[in-house]
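These notes concern the structure reproduced below.
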Amino acid sequence: MNTVLITGAQGFFASRFIKYYEKKYNIIGLNHSDIDITDEKETIKTLIKYRPDYVIHCAALSDTSFCQNNPEKSYNTNVKGSINVAKGCQRVKAKLIYFSSDQVYNGNCEDGPYNEQCIARPNTVYGNHKMQAEKELIKIIDNLVILRLTWLFSIPEREIKINSNIVWNVIKATLKNETIKLPSNEYRGITYVYDLIKNFDKIINLDKGIYNAGSENELSTYEIGETVLSNMGIGDRASEILIKDVERYKIQNRDLRISNDKLKKYNIHFNSTSKAISKCISNFSFTLKNLS
């Protein structure tokens with residue numbers, strides 16, 4: 001049984017990954033209380049202790065607003081911390097799967113979807129630090145898979161962390177009889193977390209390299225909100241729940257859409273964003289009808 005060490009064990013992805021694969025892999029889940037990745041010696045010592053076959057590094061400061069206002073903290077965790085994990089992996093010859101982000105494309109002016117060959121132009125602290133970490137890790141470790149992930153989503157589960165995501169945000173607004181404002185000039189894929197998790201048996205065996213990973217999408221963020229409501233059986237209420245924000249990104253569309261054609265060559269496939277939303281809501285049997 002292979003040993004998989006995963007950082008950020010209580011986080012949105014890792015907590016679900018651990019539960020899903022607990023019988024297939026010997027999983028070592030580490031939280032910030034177990035390892036300070038900003039401490040190089042401690043990080044290397046911890047990896048030597050466990051000597052994993054694979055390391056999934058998903059611990060990060062991912063709140064983009066926080067990173068923008070706290071660039072030093074973002075650097076220490078997202079760049080320095082990742083470098084330390086890579087050094088530890090190289091020391092014990094573990095394969096590293098690093099979670100990067102579609103945010104590296106945030107400054108690109110041309111229309112997406114983007115493939116891995118296009119020049120990524122991040123224009124935020126978080127995006128720049130993810131890009132910087134990618135470049136540094138490539139210098140350190142040979143056996144490296146970089147995943148440029150889209151925004152992950154799901155619906156809350158008992159005793160498992162939920163993140164802020166558009167699907168759950170729309171559902172919450174509906175349940176509270178509130179409105180939610182969504183931009184009509186923003187285009188980005190969102191990925192059902194279990195679509196990513198179920199592909200991980202193949203992902204950990206990928207050749208080294210950079211891969212866009214997640215759902216492809218043609219919908220605006222506002223249209224994604226409409227899709228959520230439609231799958232909940234209340235598409236006719238979109239005008240009272242959703243506010244179309246036509247001013248945000250009016251001058252230049254925000255386009256973070258990815259192409260995952262490279263992963264398809266490895267028989268790794270993701271549902272489109274619209275299909276992923278439908279699948280998620282169906283999996284949880286989540287409609288307003290069965291909540292009334």
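Every chain in the structure tokens has a letter given in the order shown (A, B, ...), and although residue numbers restart at 1 in each chain, ligands are simply numbered from 1 in the order shown.
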With range 95-108 of chain A as the partner and 9 Å as the cut-off, tabulate the residues of range 68-90 of chain A that qualify, each row holding the nearest pair of atoms and their distance in Å to one decimal, using only C-alpha atoms, sorted by chain and rising number, as CSV.
```
residue,atom,partner,partner_atom,distance
A:Ser82,CA,A:Tyr98,CA,8.2
A:Val85,CA,A:Leu96,CA,8.6
A:Ala86,CA,A:Leu96,CA,7.0
A:Cys89,CA,A:Leu96,CA,6.6
A:Gln90,CA,A:Lys95,CA,8.1
```
Report as a ChimeraX atom specification all protein, DNA and RNA residues lying within 12 Å of Asp36 in chain A, evaluated on only C-alpha atoms, omitting residues in the same chain fewer than 5 positions from it. /A:7-8,30-31,41-47,59-60,76-77,80-82,84-85
Output the selection as a short mmCIF file (atom, residue, chain, number, x, y, z; two decimals), in the first residue's frame - N, CA, C and O atoms for each residue.
```cif
data_model
loop_
_atom_site.label_atom_id
_atom_site.label_comp_id
_atom_site.auth_asym_id
_atom_site.auth_seq_id
_atom_site.Cartn_x
_atom_site.Cartn_y
_atom_site.Cartn_z
N THR A 7 -0.82 17.69 2.79
CA THR A 7 -0.80 18.86 3.66
C THR A 7 -2.16 19.55 3.62
O THR A 7 -2.94 19.37 2.69
N GLY A 8 -2.42 20.34 4.66
CA GLY A 8 -3.72 21.01 4.73
C GLY A 8 -4.84 20.01 4.95
O GLY A 8 -5.92 20.10 4.34
N LEU A 30 -1.56 15.98 7.36
CA LEU A 30 -0.90 16.92 8.26
C LEU A 30 -1.55 18.30 8.18
O LEU A 30 -1.76 18.84 7.09
N ASN A 31 -1.87 18.85 9.35
CA ASN A 31 -2.41 20.20 9.46
C ASN A 31 -1.30 21.15 9.86
O ASN A 31 -0.16 20.75 10.13
N LYS A 41 13.76 23.26 8.14
CA LYS A 41 14.30 22.10 8.86
C LYS A 41 13.19 21.20 9.36
O LYS A 41 13.26 19.97 9.25
N GLU A 42 12.14 21.80 9.92
CA GLU A 42 11.03 21.00 10.45
C GLU A 42 10.32 20.25 9.32
O GLU A 42 9.96 19.09 9.47
N THR A 43 10.15 20.93 8.20
CA THR A 43 9.45 20.30 7.08
C THR A 43 10.24 19.11 6.54
O THR A 43 9.67 18.03 6.31
N ILE A 44 11.53 19.28 6.32
CA ILE A 44 12.35 18.18 5.82
C ILE A 44 12.40 17.04 6.82
O ILE A 44 12.29 15.86 6.45
N LYS A 45 12.52 17.37 8.10
CA LYS A 45 12.56 16.36 9.15
C LYS A 45 11.27 15.54 9.17
O LYS A 45 11.30 14.31 9.33
N THR A 46 10.14 16.22 8.98
CA THR A 46 8.84 15.52 9.00
C THR A 46 8.73 14.57 7.82
O THR A 46 8.26 13.43 7.96
N LEU A 47 9.17 15.00 6.64
CA LEU A 47 9.09 14.13 5.48
C LEU A 47 10.05 12.95 5.60
O LEU A 47 9.73 11.84 5.14
N ALA A 59 -1.86 22.64 1.08
CA ALA A 59 -1.91 23.69 2.11
C ALA A 59 -1.50 25.02 1.50
O ALA A 59 -0.50 25.11 0.79
N ALA A 60 -2.29 26.05 1.74
CA ALA A 60 -2.00 27.36 1.13
C ALA A 60 -2.82 28.43 1.82
O ALA A 60 -3.83 28.13 2.48
N ASN A 76 5.38 33.72 2.50
CA ASN A 76 5.94 32.73 3.43
C ASN A 76 5.24 31.37 3.29
O ASN A 76 5.90 30.33 3.33
N THR A 77 3.94 31.39 3.13
CA THR A 77 3.20 30.13 3.03
C THR A 77 3.19 29.59 1.61
O THR A 77 3.54 28.43 1.36
N LYS A 80 7.56 30.18 0.01
CA LYS A 80 8.58 29.58 0.88
C LYS A 80 8.14 28.22 1.40
O LYS A 80 8.93 27.26 1.39
N GLY A 81 6.89 28.12 1.84
CA GLY A 81 6.39 26.84 2.36
C GLY A 81 6.43 25.75 1.30
O GLY A 81 6.79 24.60 1.56
N SER A 82 6.06 26.10 0.07
CA SER A 82 6.06 25.12 -1.02
C SER A 82 7.48 24.69 -1.37
O SER A 82 7.73 23.51 -1.67
N ASN A 84 9.96 24.53 0.70
CA ASN A 84 10.41 23.62 1.77
C ASN A 84 9.83 22.22 1.59
O ASN A 84 10.53 21.22 1.80
N VAL A 85 8.56 22.14 1.19
CA VAL A 85 7.95 20.83 0.94
C VAL A 85 8.67 20.14 -0.21
O VAL A 85 8.97 18.94 -0.14
#
```
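Nearest-residue note for Gly88 in chain A: choosing from A:Tyr50, A:Phe270, A:Tyr75, A:Trp151, the minimum distance belongs to A:Tyr50, counting only C-alpha atoms.
Our summary of the geometry notes that CA of His129 in chain A is positioned 10.5 Å from CA of Gln68 in chain A.
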For range 235-247 of chain A, list every protein, DNA or RNA residue within 9 Å, evaluated using only C-alpha atoms, and leave out those in the same chain fewer than 3 positions away; present the list as a ChimeraX atom specification. /A:170,173-174,177-185,222,225-232,250-251
Expected file contents, prior selection, N, CA and C atoms, as a PDB file, in the first residue's frame:
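Result went into result_4.pdb, see below:
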```pdb
ATOM      1  N   VAL A 170     -24.971  30.569  -3.801  1.00  0.00           N
ATOM      2  CA  VAL A 170     -26.301  30.774  -4.402  1.00  0.00           C
ATOM      3  C   VAL A 170     -27.366  30.034  -3.593  1.00  0.00           C
ATOM      4  N   ALA A 173     -28.042  31.929  -0.319  1.00  0.00           N
ATOM      5  CA  ALA A 173     -28.846  33.131  -0.556  1.00  0.00           C
ATOM      6  C   ALA A 173     -30.308  32.758  -0.750  1.00  0.00           C
ATOM      7  N   THR A 174     -30.555  31.676  -1.459  1.00  0.00           N
ATOM      8  CA  THR A 174     -31.925  31.229  -1.705  1.00  0.00           C
ATOM      9  C   THR A 174     -32.607  30.822  -0.404  1.00  0.00           C
ATOM     10  N   ASN A 177     -33.607  33.730   1.656  1.00  0.00           N
ATOM     11  CA  ASN A 177     -34.427  34.726   0.954  1.00  0.00           C
ATOM     12  C   ASN A 177     -33.648  36.030   0.730  1.00  0.00           C
ATOM     13  N   GLU A 178     -32.375  35.864   0.371  1.00  0.00           N
ATOM     14  CA  GLU A 178     -31.517  37.014   0.068  1.00  0.00           C
ATOM     15  C   GLU A 178     -31.215  37.028  -1.423  1.00  0.00           C
ATOM     16  N   THR A 179     -30.599  38.112  -1.855  1.00  0.00           N
ATOM     17  CA  THR A 179     -30.144  38.193  -3.242  1.00  0.00           C
ATOM     18  C   THR A 179     -28.629  38.040  -3.285  1.00  0.00           C
ATOM     19  N   ILE A 180     -28.128  37.682  -4.438  1.00  0.00           N
ATOM     20  CA  ILE A 180     -26.686  37.554  -4.625  1.00  0.00           C
ATOM     21  C   ILE A 180     -26.314  38.188  -5.959  1.00  0.00           C
ATOM     22  N   LYS A 181     -25.267  38.986  -5.941  1.00  0.00           N
ATOM     23  CA  LYS A 181     -24.832  39.727  -7.119  1.00  0.00           C
ATOM     24  C   LYS A 181     -23.710  38.967  -7.822  1.00  0.00           C
ATOM     25  N   LEU A 182     -23.908  38.705  -9.111  1.00  0.00           N
ATOM     26  CA  LEU A 182     -22.931  37.926  -9.862  1.00  0.00           C
ATOM     27  C   LEU A 182     -22.587  38.642 -11.170  1.00  0.00           C
ATOM     28  N   PRO A 183     -21.288  38.711 -11.504  1.00  0.00           N
ATOM     29  CA  PRO A 183     -20.881  39.420 -12.727  1.00  0.00           C
ATOM     30  C   PRO A 183     -21.235  38.659 -14.002  1.00  0.00           C
ATOM     31  N   SER A 184     -21.665  39.412 -14.990  1.00  0.00           N
ATOM     32  CA  SER A 184     -21.988  38.801 -16.283  1.00  0.00           C
ATOM     33  C   SER A 184     -20.814  38.877 -17.248  1.00  0.00           C
ATOM     34  N   ASN A 185     -19.723  39.537 -16.833  1.00  0.00           N
ATOM     35  CA  ASN A 185     -18.536  39.680 -17.678  1.00  0.00           C
ATOM     36  C   ASN A 185     -17.352  38.872 -17.154  1.00  0.00           C
ATOM     37  N   TYR A 222     -22.701  34.830 -13.872  1.00  0.00           N
ATOM     38  CA  TYR A 222     -24.142  35.018 -13.696  1.00  0.00           C
ATOM     39  C   TYR A 222     -24.915  33.812 -14.235  1.00  0.00           C
ATOM     40  N   GLY A 225     -24.887  30.964 -11.899  1.00  0.00           N
ATOM     41  CA  GLY A 225     -25.912  31.122 -10.870  1.00  0.00           C
ATOM     42  C   GLY A 225     -27.271  30.660 -11.360  1.00  0.00           C
ATOM     43  N   GLU A 226     -27.616  31.000 -12.599  1.00  0.00           N
ATOM     44  CA  GLU A 226     -28.886  30.552 -13.181  1.00  0.00           C
ATOM     45  C   GLU A 226     -28.924  29.028 -13.270  1.00  0.00           C
ATOM     46  N   THR A 227     -27.795  28.423 -13.617  1.00  0.00           N
ATOM     47  CA  THR A 227     -27.713  26.970 -13.743  1.00  0.00           C
ATOM     48  C   THR A 227     -27.942  26.284 -12.398  1.00  0.00           C
ATOM     49  N   VAL A 228     -27.395  26.861 -11.341  1.00  0.00           N
ATOM     50  CA  VAL A 228     -27.606  26.312  -9.993  1.00  0.00           C
ATOM     51  C   VAL A 228     -29.090  26.306  -9.660  1.00  0.00           C
ATOM     52  N   LEU A 229     -29.745  27.436  -9.868  1.00  0.00           N
ATOM     53  CA  LEU A 229     -31.169  27.538  -9.543  1.00  0.00           C
ATOM     54  C   LEU A 229     -32.014  26.588 -10.397  1.00  0.00           C
ATOM     55  N   SER A 230     -31.662  26.476 -11.659  1.00  0.00           N
ATOM     56  CA  SER A 230     -32.400  25.581 -12.549  1.00  0.00           C
ATOM     57  C   SER A 230     -32.312  24.140 -12.065  1.00  0.00           C
ATOM     58  N   ASN A 231     -31.125  23.728 -11.623  1.00  0.00           N
ATOM     59  CA  ASN A 231     -30.955  22.362 -11.135  1.00  0.00           C
ATOM     60  C   ASN A 231     -31.603  22.128  -9.778  1.00  0.00           C
ATOM     61  N   MET A 232     -31.894  23.209  -9.082  1.00  0.00           N
ATOM     62  CA  MET A 232     -32.626  23.105  -7.816  1.00  0.00           C
ATOM     63  C   MET A 232     -34.130  23.115  -8.048  1.00  0.00           C
ATOM     64  N   LYS A 250     -16.454  45.363 -16.901  1.00  0.00           N
ATOM     65  CA  LYS A 250     -17.097  45.873 -18.113  1.00  0.00           C
ATOM     66  C   LYS A 250     -16.077  46.249 -19.182  1.00  0.00           C
ATOM     67  N   ILE A 251     -14.977  46.861 -18.760  1.00  0.00           N
ATOM     68  CA  ILE A 251     -13.957  47.303 -19.710  1.00  0.00           C
ATOM     69  C   ILE A 251     -13.201  46.110 -20.293  1.00  0.00           C
TER      70      ILE A 251
END
```
Would you kindly return, as a ChimeraX atom specification, each protein, DNA or RNA residue with an atom no farther than 12 Å from any atom of range 277-280 of chain A, considering only C-alpha atoms and excluding same-chain residues fewer than 5 positions away? /A:152-156,165-168,170-171,189-195,215,217,223-233,270-272,285-287
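Distances here use only C-alpha atoms; by that measure, the residue among A:Ser74, A:Thr3, A:Ser164, A:Asn115 closest to Gln132 in chain A is A:Ser74.
Our summary of the geometry notes that CA of Leu5 in chain A is positioned 10.6 Å from CA of Cys58 in chain A.
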Which of range 82-277 of chain A fall in strand (DSSP E or B), as a PyMOL selection string: chain A and resi 95-101+114+144-149+151-153+157+160+180-183+186-187+190-192+209-213+220+242-245+254-255+258
